[in-house]
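Reproduced below: protein.cif, with mmCIF, C-alpha atoms.
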```
data_work
#
loop_
_atom_site.label_atom_id
_atom_site.label_comp_id
_atom_site.auth_asym_id
_atom_site.auth_seq_id
_atom_site.Cartn_x
_atom_site.Cartn_y
_atom_site.Cartn_z
CA MET A 1 0.00 0.00 0.00
CA THR A 2 1.38 3.38 -1.02
CA GLN A 3 2.23 5.58 1.96
CA MET A 4 0.30 8.84 2.06
CA ILE A 5 2.42 12.02 2.02
CA ARG A 6 1.19 14.80 4.24
CA PRO A 7 0.98 18.32 2.81
CA ASN A 8 3.64 19.56 5.22
CA GLU A 9 6.01 16.77 4.18
CA ARG A 10 5.34 17.47 0.50
CA GLY A 11 6.17 21.15 1.03
CA PHE A 12 9.36 20.27 2.92
CA ARG A 13 10.49 17.88 0.18
CA LYS A 14 9.82 20.51 -2.48
CA PHE A 15 11.82 23.05 -0.47
CA ALA A 16 14.68 20.56 -0.06
CA VAL A 17 14.77 19.93 -3.81
CA LEU A 18 14.90 23.67 -4.51
CA MET A 19 17.67 24.13 -1.94
CA ARG A 20 19.78 21.37 -3.52
CA LYS A 21 19.21 22.76 -7.01
CA TYR A 22 19.71 26.45 -6.27
CA TRP A 23 21.94 26.41 -3.18
CA PRO A 24 24.54 28.82 -4.70
CA VAL A 25 21.83 31.45 -5.15
CA TYR A 26 20.57 30.97 -1.59
CA ALA A 27 24.16 31.10 -0.32
CA LEU A 28 24.56 34.54 -1.94
CA PHE A 29 21.41 35.63 -0.12
CA VAL A 30 22.72 34.61 3.34
CA PRO A 31 24.84 37.78 3.95
CA VAL A 32 21.79 39.92 3.13
CA VAL A 33 19.67 38.01 5.66
CA ILE A 34 22.39 38.31 8.31
CA TYR A 35 22.69 42.06 7.64
CA TYR A 36 18.97 42.68 8.11
CA ILE A 37 18.80 40.51 11.23
CA LEU A 38 21.76 42.25 12.90
CA PHE A 39 21.15 45.84 11.88
CA HIS A 40 17.37 46.05 11.31
CA TYR A 41 15.52 43.43 13.35
CA LYS A 42 17.76 42.89 16.38
CA PRO A 43 17.86 46.63 17.27
CA MET A 44 14.04 46.66 17.28
CA VAL A 45 14.23 45.15 20.77
CA GLY A 46 15.36 48.59 21.94
CA VAL A 47 11.92 50.01 21.09
CA ILE A 48 10.86 48.94 24.57
CA ILE A 49 12.61 52.00 26.02
CA ALA A 50 9.71 54.06 24.64
CA PHE A 51 7.73 52.64 27.56
CA LYS A 52 10.47 53.19 30.16
CA ASN A 53 12.54 55.97 31.72
CA TYR A 54 15.74 54.78 30.17
CA ASN A 55 19.16 55.59 31.61
CA PHE A 56 22.60 54.13 30.97
CA ALA A 57 23.15 53.00 34.57
CA ASP A 58 20.12 50.69 34.72
CA GLY A 59 20.18 49.58 31.10
CA ILE A 60 17.20 48.72 28.90
CA TRP A 61 15.75 46.02 31.14
CA GLY A 62 16.57 47.64 34.46
CA SER A 63 15.05 51.05 33.72
CA ALA A 64 11.72 51.92 35.35
CA TRP A 65 8.55 51.08 33.41
CA VAL A 66 6.31 54.14 32.76
CA GLY A 67 3.85 52.80 30.18
CA LEU A 68 2.39 55.42 27.83
CA LYS A 69 3.77 58.41 29.71
CA HIS A 70 6.03 59.58 26.86
CA PHE A 71 3.27 59.16 24.27
CA ARG A 72 0.86 61.27 26.32
CA ARG A 73 3.61 63.84 26.77
CA PHE A 74 4.29 64.49 23.09
CA LEU A 75 0.63 64.18 22.06
CA GLY A 76 -0.14 67.01 24.49
CA ASN A 77 2.81 69.09 23.33
CA GLY A 78 1.95 71.93 20.94
CA GLU A 79 5.53 71.98 19.64
CA PHE A 80 5.16 68.37 18.53
CA TRP A 81 2.03 69.10 16.50
CA ARG A 82 3.76 72.02 14.73
CA ILE A 83 6.57 69.68 13.73
CA PHE A 84 4.11 66.95 12.77
CA LYS A 85 2.31 69.45 10.51
CA ASN A 86 5.63 70.47 8.90
CA THR A 87 6.47 66.81 8.29
CA VAL A 88 3.18 65.99 6.61
CA LEU A 89 3.18 69.17 4.53
CA LEU A 90 6.76 68.83 3.29
CA ALA A 91 6.35 65.11 2.61
CA THR A 92 3.10 65.67 0.69
CA LEU A 93 4.62 68.46 -1.41
CA ARG A 94 7.70 66.37 -2.08
CA ILE A 95 5.71 63.31 -3.17
CA ALA A 96 3.31 65.40 -5.27
CA VAL A 97 6.27 66.74 -7.26
CA THR A 98 8.94 64.04 -7.15
CA PHE A 99 6.71 61.01 -7.73
CA PRO A 100 5.27 61.91 -11.18
CA ALA A 101 8.47 63.66 -12.33
CA PRO A 102 10.50 60.43 -12.94
CA ILE A 103 7.58 58.99 -14.92
CA VAL A 104 7.43 62.07 -17.14
CA LEU A 105 11.23 62.05 -17.56
CA ALA A 106 11.21 58.34 -18.47
CA LEU A 107 8.49 58.97 -21.07
CA MET A 108 10.56 61.80 -22.54
CA PHE A 109 13.70 59.62 -22.68
CA ASN A 110 11.67 56.86 -24.30
CA GLU A 111 10.80 59.18 -27.19
CA VAL A 112 14.43 60.11 -27.90
CA ARG A 113 15.50 58.18 -31.02
CA SER A 114 19.22 58.97 -30.97
CA TYR A 115 20.83 56.29 -28.77
CA ARG A 116 23.97 58.35 -28.04
CA TYR A 117 22.01 61.52 -27.21
CA LYS A 118 19.68 59.51 -25.00
CA LYS A 119 22.55 58.00 -23.00
CA VAL A 120 24.18 61.41 -22.52
CA LEU A 121 20.93 62.85 -21.17
CA GLN A 122 20.40 59.88 -18.87
CA THR A 123 23.93 60.13 -17.48
CA ILE A 124 23.52 63.84 -16.77
CA SER A 125 20.22 63.24 -14.97
CA TYR A 126 21.66 60.34 -12.90
CA LEU A 127 24.79 62.14 -11.66
CA PRO A 128 23.23 64.20 -8.80
CA HIS A 129 22.03 60.98 -7.13
CA PHE A 130 25.61 59.90 -6.46
CA VAL A 131 26.58 62.98 -4.47
CA SER A 132 25.51 63.72 -0.90
CA PHE A 133 23.02 66.38 0.12
CA VAL A 134 25.95 68.36 1.51
CA ILE A 135 27.37 68.75 -2.00
CA VAL A 136 23.94 69.44 -3.48
CA TYR A 137 23.34 72.13 -0.85
CA ALA A 138 26.73 73.66 -1.67
CA VAL A 139 25.54 74.06 -5.27
CA LEU A 140 22.25 75.51 -4.05
CA TYR A 141 24.14 77.89 -1.75
CA ASN A 142 26.32 79.18 -4.58
CA PHE A 143 23.20 80.01 -6.56
CA PHE A 144 20.80 81.29 -3.90
CA SER A 145 22.89 82.68 -1.04
CA TYR A 146 22.75 86.41 -0.35
CA ASP A 147 25.90 86.96 -2.41
CA GLY A 148 25.23 84.07 -4.80
CA PHE A 149 24.69 84.00 -8.54
CA VAL A 150 20.94 84.77 -8.52
CA ASN A 151 21.28 87.76 -6.21
CA SER A 152 24.27 89.02 -8.17
CA VAL A 153 22.14 89.01 -11.33
CA ARG A 154 19.31 90.74 -9.47
CA ALA A 155 21.71 93.41 -8.17
CA SER A 156 23.12 94.00 -11.66
CA MET A 157 19.55 94.63 -12.87
CA GLY A 158 18.90 97.15 -10.09
CA MET A 159 16.75 94.78 -8.04
CA GLU A 160 17.02 94.17 -4.30
CA LYS A 161 18.76 91.08 -3.04
CA VAL A 162 16.59 88.36 -1.47
CA LEU A 163 17.56 86.16 1.48
CA PHE A 164 16.34 82.95 -0.19
CA LEU A 165 17.99 80.49 2.21
CA GLY A 166 16.83 82.37 5.31
CA SER A 167 13.21 82.93 4.32
CA THR A 168 10.30 80.72 5.38
CA LYS A 169 8.54 81.88 2.21
CA TYR A 170 11.00 80.12 -0.10
CA TYR A 171 12.09 77.18 2.05
CA ARG A 172 9.49 74.63 0.98
CA GLY A 173 9.98 75.37 -2.71
CA MET A 174 13.74 75.02 -2.41
CA PHE A 175 13.39 71.86 -0.31
CA VAL A 176 11.26 70.16 -2.97
CA GLY A 177 13.32 71.53 -5.86
CA MET A 178 16.57 70.29 -4.31
CA ALA A 179 15.13 66.79 -3.82
CA LEU A 180 13.73 66.78 -7.35
CA TRP A 181 17.03 67.75 -8.97
CA LYS A 182 18.93 65.11 -7.00
CA GLU A 183 16.64 62.10 -7.46
CA VAL A 184 14.52 62.57 -10.59
CA GLY A 185 17.03 60.94 -12.94
CA TRP A 186 17.67 57.98 -10.68
CA GLY A 187 13.95 57.47 -10.11
CA ALA A 188 13.36 57.26 -13.87
CA ILE A 189 15.54 54.13 -14.20
CA ILE A 190 12.90 51.64 -13.13
CA TYR A 191 10.31 53.19 -15.43
CA LEU A 192 12.72 53.11 -18.37
CA ALA A 193 13.27 49.41 -17.70
CA SER A 194 9.50 48.86 -17.75
CA LEU A 195 9.09 50.89 -20.95
CA SER A 196 11.67 48.74 -22.71
CA ARG A 197 9.31 45.76 -22.30
CA VAL A 198 6.37 47.42 -24.07
CA SER A 199 5.83 45.69 -27.42
CA PRO A 200 6.43 47.91 -30.48
CA ASP A 201 3.47 46.15 -32.13
CA LEU A 202 1.13 47.99 -29.77
CA TYR A 203 2.45 51.35 -30.94
CA GLU A 204 2.19 50.30 -34.58
CA ALA A 205 -1.42 49.20 -34.10
CA ALA A 206 -2.27 52.47 -32.35
CA GLU A 207 -0.60 54.47 -35.11
CA ILE A 208 -2.57 52.60 -37.78
CA ASP A 209 -5.75 53.46 -35.87
CA GLY A 210 -4.79 57.12 -36.13
CA ALA A 211 -3.65 57.66 -32.52
CA SER A 212 -1.41 60.68 -31.99
CA LYS A 213 1.78 60.46 -29.94
CA LEU A 214 0.03 61.71 -26.80
CA LYS A 215 -2.80 59.19 -27.25
CA GLN A 216 -0.25 56.41 -27.71
CA ILE A 217 1.36 57.39 -24.41
CA TRP A 218 -2.02 57.59 -22.64
CA HIS A 219 -3.60 54.41 -24.06
CA VAL A 220 -0.54 52.20 -24.61
CA THR A 221 2.48 53.28 -22.59
CA LEU A 222 0.91 54.20 -19.25
CA PRO A 223 -1.39 51.12 -19.03
CA CYS A 224 1.62 48.86 -19.68
CA ILE A 225 3.63 50.35 -16.81
CA ARG A 226 0.65 50.83 -14.48
CA PRO A 227 1.58 47.90 -12.13
CA ILE A 228 5.10 49.32 -11.66
CA VAL A 229 3.70 52.80 -11.01
CA SER A 230 1.31 51.32 -8.44
CA ILE A 231 4.10 49.47 -6.60
CA GLN A 232 6.34 52.53 -6.59
CA PHE A 233 3.51 54.67 -5.26
CA VAL A 234 2.93 52.32 -2.32
CA ARG A 235 6.66 52.34 -1.55
CA THR A 236 6.76 56.12 -1.77
CA MET A 237 3.77 56.53 0.53
CA GLY A 238 5.55 54.36 3.08
CA SER A 239 8.17 57.07 3.44
CA ILE A 240 5.75 60.00 3.59
CA MET A 241 6.57 60.52 7.29
CA ASP A 242 10.28 60.01 6.74
CA VAL A 243 11.18 63.37 5.24
CA SER A 244 14.86 63.28 4.27
CA PHE A 245 16.89 63.76 7.46
CA ASP A 246 20.10 64.51 5.55
CA GLN A 247 18.44 67.21 3.50
CA THR A 248 16.79 68.80 6.53
CA LEU A 249 20.05 68.73 8.45
CA VAL A 250 21.94 70.75 5.82
CA MET A 251 19.09 73.16 4.96
CA ASN A 252 17.74 73.91 8.44
CA ASN A 253 18.75 77.08 10.29
CA THR A 254 17.28 79.31 13.00
CA MET A 255 15.57 81.60 10.47
CA VAL A 256 13.57 78.82 8.79
CA SER A 257 13.19 76.34 11.66
CA GLN A 258 9.50 77.18 12.10
CA VAL A 259 8.73 75.53 8.76
CA ALA A 260 11.84 73.32 8.43
CA ASP A 261 11.70 71.22 11.61
CA VAL A 262 10.41 67.71 10.83
CA LEU A 263 9.98 64.63 13.00
CA SER A 264 13.20 62.87 11.96
CA TYR A 265 15.27 65.97 12.73
CA TYR A 266 13.35 66.76 15.93
CA ILE A 267 13.86 63.20 17.21
CA TYR A 268 17.59 63.52 16.52
CA LYS A 269 17.72 66.92 18.26
CA ILE A 270 15.77 65.77 21.34
CA GLY A 271 17.41 62.38 21.65
CA LEU A 272 21.04 63.28 21.01
CA LEU A 273 21.78 66.98 20.64
CA SER A 274 20.01 68.61 23.56
CA SER A 275 18.64 66.81 26.59
CA ASN A 276 19.36 63.15 25.76
CA GLN A 277 15.76 62.12 26.31
CA PHE A 278 16.15 58.71 24.71
CA SER A 279 12.80 57.28 25.82
CA TYR A 280 10.89 60.36 24.70
CA ALA A 281 12.63 60.38 21.30
CA THR A 282 12.04 56.63 20.86
CA ALA A 283 8.33 57.07 21.63
CA MET A 284 8.06 59.71 18.89
CA GLY A 285 9.97 57.48 16.49
CA LEU A 286 7.65 54.56 17.23
CA PHE A 287 4.62 56.80 16.69
CA ASN A 288 6.10 57.92 13.37
CA SER A 289 6.71 54.32 12.26
CA ALA A 290 3.20 53.22 13.24
CA ILE A 291 1.65 55.97 11.10
CA SER A 292 3.90 55.03 8.16
CA LEU A 293 2.86 51.38 8.47
CA ALA A 294 -0.83 52.32 8.52
CA ILE A 295 -0.38 54.50 5.43
CA VAL A 296 1.35 51.66 3.56
CA ILE A 297 -1.43 49.19 4.41
CA ILE A 298 -4.17 51.62 3.37
CA THR A 299 -2.37 52.65 0.17
CA ASN A 300 -1.67 49.04 -0.77
CA ARG A 301 -5.32 48.15 -0.23
CA GLY A 302 -6.39 51.07 -2.42
CA ALA A 303 -3.94 50.03 -5.15
CA LYS A 304 -5.37 46.51 -5.11
CA LEU A 305 -8.91 47.85 -5.49
CA ILE A 306 -7.89 49.94 -8.50
CA ASP A 307 -5.71 47.30 -10.15
CA GLU A 308 -5.41 43.61 -9.19
CA GLU A 309 -1.74 43.62 -10.25
CA GLY A 310 -1.00 46.72 -8.19
CA GLY A 311 0.32 46.93 -4.65
CA LEU A 312 3.18 45.18 -2.92
CA TRP A 313 1.26 42.14 -1.66
#
```
Mind turning the file's structure into structure tokens?
Amino acid sequence: MTQMIRPNERGFRKFAVLMRKYWPVYALFVPVVIYYILFHYKPMVGVIIAFKNYNFADGIWGSAWVGLKHFRRFLGNGEFWRIFKNTVLLATLRIAVTFPAPIVLALMFNEVRSYRYKKVLQTISYLPHFVSFVIVYAVLYNFFSYDGFVNSVRASMGMEKVLFLGSTKYYRGMFVGMALWKEVGWGAIIYLASLSRVSPDLYEAAEIDGASKLKQIWHVTLPCIRPIVSIQFVRTMGSIMDVSFDQTLVMNNTMVSQVADVLSYYIYKIGLLSSNQFSYATAMGLFNSAISLAIVIITNRGAKLIDEEGGLW
């Protein structure tokens, strides 16, 4: 009589066969797993200090338990809500501009017929991604500082100089523009890869039907890359609360802090720079992460409702 194989045993045997067949690939993946365990998952144990009055002498486990004290403290703090508002506003403006921009740039590159010219343009657009925000801000400073290029031109035309980098009026525009210039070319890479898989036959059929170039883009190109756009949008929304710390660090100053302070920078300032309130800073960080997780889940669900192939899972 043939012995029955349980579903669990069948799954284990299938996994064992795959491991024997593809073990070199899995071996290459081991360092990645170790990295994430050591530097991403293991440190998550320290989140418990958000519920304690942490100090170095007593350690994580020996510090006194205070429950939700730190959460109630920052939720009742008007300063926190100002910073929370700045975070949401800057993140929303940044996503509204920097998310569609790589798609538009990729569509423009896709229409360039000269291979050499196309590669030159792509290389120029990619380059800012490989330099730090410190270097990018140095370029911005040379253009928009009080004695920079823009103000020098204004002065030569008899116009008054403007304190661009010290004005709350211009900060948000410069923040978004700086991020756009640095990342738009790099963000277009994944869309260019998706566009390369669109069949030329679809364009030929649309052209025979009398579709203009814009209609071809709208009815052929965009539907073909819609799943990738959906996935990228969910990933982008996951970082809506994580406004670039590096960028804020180099652009922030006392004159623009009212609109420039964001949660990531405020947590750094409270936790390390000023009063070393580690538990309080950790509580704010945990609150920030919880909101980001909720946004990802909601956005992914919405993407699935719009398109079955959309979303991350």
Got a sec to check which residues sit within 12 Å of (-1.4, 50.1, -30.8), counting all atoms listed in the file, and write them as a PDB file with C-alpha atoms, in the frame of the given file?
```
ATOM      1  CA  VAL A 198       6.370  47.420 -24.070  1.00  0.00           C
ATOM      2  CA  SER A 199       5.830  45.690 -27.420  1.00  0.00           C
ATOM      3  CA  PRO A 200       6.430  47.910 -30.480  1.00  0.00           C
ATOM      4  CA  ASP A 201       3.470  46.150 -32.130  1.00  0.00           C
ATOM      5  CA  LEU A 202       1.130  47.990 -29.770  1.00  0.00           C
ATOM      6  CA  TYR A 203       2.450  51.350 -30.940  1.00  0.00           C
ATOM      7  CA  GLU A 204       2.190  50.300 -34.580  1.00  0.00           C
ATOM      8  CA  ALA A 205      -1.420  49.200 -34.100  1.00  0.00           C
ATOM      9  CA  ALA A 206      -2.270  52.470 -32.350  1.00  0.00           C
ATOM     10  CA  GLU A 207      -0.600  54.470 -35.110  1.00  0.00           C
ATOM     11  CA  ILE A 208      -2.570  52.600 -37.780  1.00  0.00           C
ATOM     12  CA  ASP A 209      -5.750  53.460 -35.870  1.00  0.00           C
ATOM     13  CA  GLY A 210      -4.790  57.120 -36.130  1.00  0.00           C
ATOM     14  CA  ALA A 211      -3.650  57.660 -32.520  1.00  0.00           C
ATOM     15  CA  SER A 212      -1.410  60.680 -31.990  1.00  0.00           C
ATOM     16  CA  LYS A 213       1.780  60.460 -29.940  1.00  0.00           C
ATOM     17  CA  LYS A 215      -2.800  59.190 -27.250  1.00  0.00           C
ATOM     18  CA  GLN A 216      -0.250  56.410 -27.710  1.00  0.00           C
ATOM     19  CA  ILE A 217       1.360  57.390 -24.410  1.00  0.00           C
ATOM     20  CA  TRP A 218      -2.020  57.590 -22.640  1.00  0.00           C
ATOM     21  CA  HIS A 219      -3.600  54.410 -24.060  1.00  0.00           C
ATOM     22  CA  VAL A 220      -0.540  52.200 -24.610  1.00  0.00           C
ATOM     23  CA  THR A 221       2.480  53.280 -22.590  1.00  0.00           C
ATOM     24  CA  PRO A 223      -1.390  51.120 -19.030  1.00  0.00           C
ATOM     25  CA  CYS A 224       1.620  48.860 -19.680  1.00  0.00           C
TER      26      CYS A 224
END
```
Original post:
Any chance you could work out the residue set of the PyMOL selection byres ((chain A and resi 283) around 10) here, as a list of chain:residue names?
Top reply: A:Val47, A:Ile48, A:Ile49, A:Ala50, A:Phe51, A:Lys52, A:Leu68, A:Lys69, A:His70, A:Phe71, A:Arg72, A:Arg73, A:Phe74, A:Ile267, A:Phe278, A:Ser279, A:Tyr280, A:Ala281, A:Thr282, A:Met284, A:Gly285, A:Leu286, A:Phe287, A:Asn288, A:Ser289
List every residue of stretch 226-277 of chain A that has an atom at most 12 Å from any atom of stretch 139-155 of chain A, giving for each one its closest atom pair and the distance in Å to one decimal, counting only C-alpha atoms, sorted by chain and then by ascending residue number, as CSV.
```
residue,atom,partner,partner_atom,distance
A:Gln247,CA,A:Leu140,CA,11.8
A:Val250,CA,A:Tyr141,CA,10.6
A:Met251,CA,A:Tyr141,CA,9.6
```
Keeping C-alpha atoms, export the residues of the selection given above as a PDB file, keeping the file's coordinate frame.
```pdb
ATOM      1  CA  GLN A 247      18.440  67.210   3.500  1.00  0.00           C
ATOM      2  CA  VAL A 250      21.940  70.750   5.820  1.00  0.00           C
ATOM      3  CA  MET A 251      19.090  73.160   4.960  1.00  0.00           C
TER       4      MET A 251
END
```
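Among the candidates A:Met241, A:Arg197, A:Gln258, A:Leu18, the residue lying nearest to A:Ser292 is A:Met241 (atoms considered: only C-alpha atoms).
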**OP:** Just give me the gap between atom CA of A:Ile83 and atom CA of A:Val296 in Å, one decimal is fine.
**Re:**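 Taking atom CA of A:Ile83 and atom CA of A:Val296, their separation equals 21.3 Å.
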Original post:
For A:Ile135, which of A:Asp246, A:Val66, A:Leu90, A:Ala106 is the closest residue, counting only C-alpha atoms?
Top reply: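 Answer, going by the shortest atom-to-atom distance: A:Asp246.
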**OP:** Taking the file as shown, find all residues satisfying the PyMOL selection byres ((chain A and resi 255) around 9) and write them as a ChimeraX atom specification.
**Re:** /A:165-168,252-254,256-258
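This file gives the following result for the PyMOL selection byres ((chain A and resi 295) around 10): A:Val234, A:Met237, A:Gly238, A:Ser239, A:Ile240, A:Met241, A:Ser289, A:Ala290, A:Ile291, A:Ser292, A:Leu293, A:Ala294, A:Val296, A:Ile297, A:Ile298, A:Thr299, A:Asn300, A:Arg301.
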Original post:
Which residue gives the smallest distance to A:Asp261 among A:Trp181, A:Phe99, A:Trp81, A:Phe109, with all atoms listed in the file counted?
Top reply: A:Trp81
Original post:
With only C-alpha atoms as the basis for distance, which of A:Val30, A:Met157, A:Val104, A:Val243 is at the shortest distance from A:Ala260?
Top reply: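 Looking only at the distances to A:Ala260, the closest residue turns out to be A:Val243.
Of note, atom CA of A:Val262 and atom CA of A:Gly177 are spaced 17.4 Å apart.
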Original post:
Out of A:Val162, A:Ala179, A:Leu273, A:Val45, which residue has the shortest atom-to-atom distance to A:Ile60 when counting all atoms listed in the file?
Top reply: A:Val45
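Counting all atoms listed in the file, the residue from A:Arg94, A:Arg82, A:Lys269, A:Lys21 that sits nearest to A:Asp242 is A:Arg94.
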**OP:** To one decimal in Å, tell me the separation between atom CA of A:Val229 and atom CA of A:Thr92.
**Re:** 17.4 Å
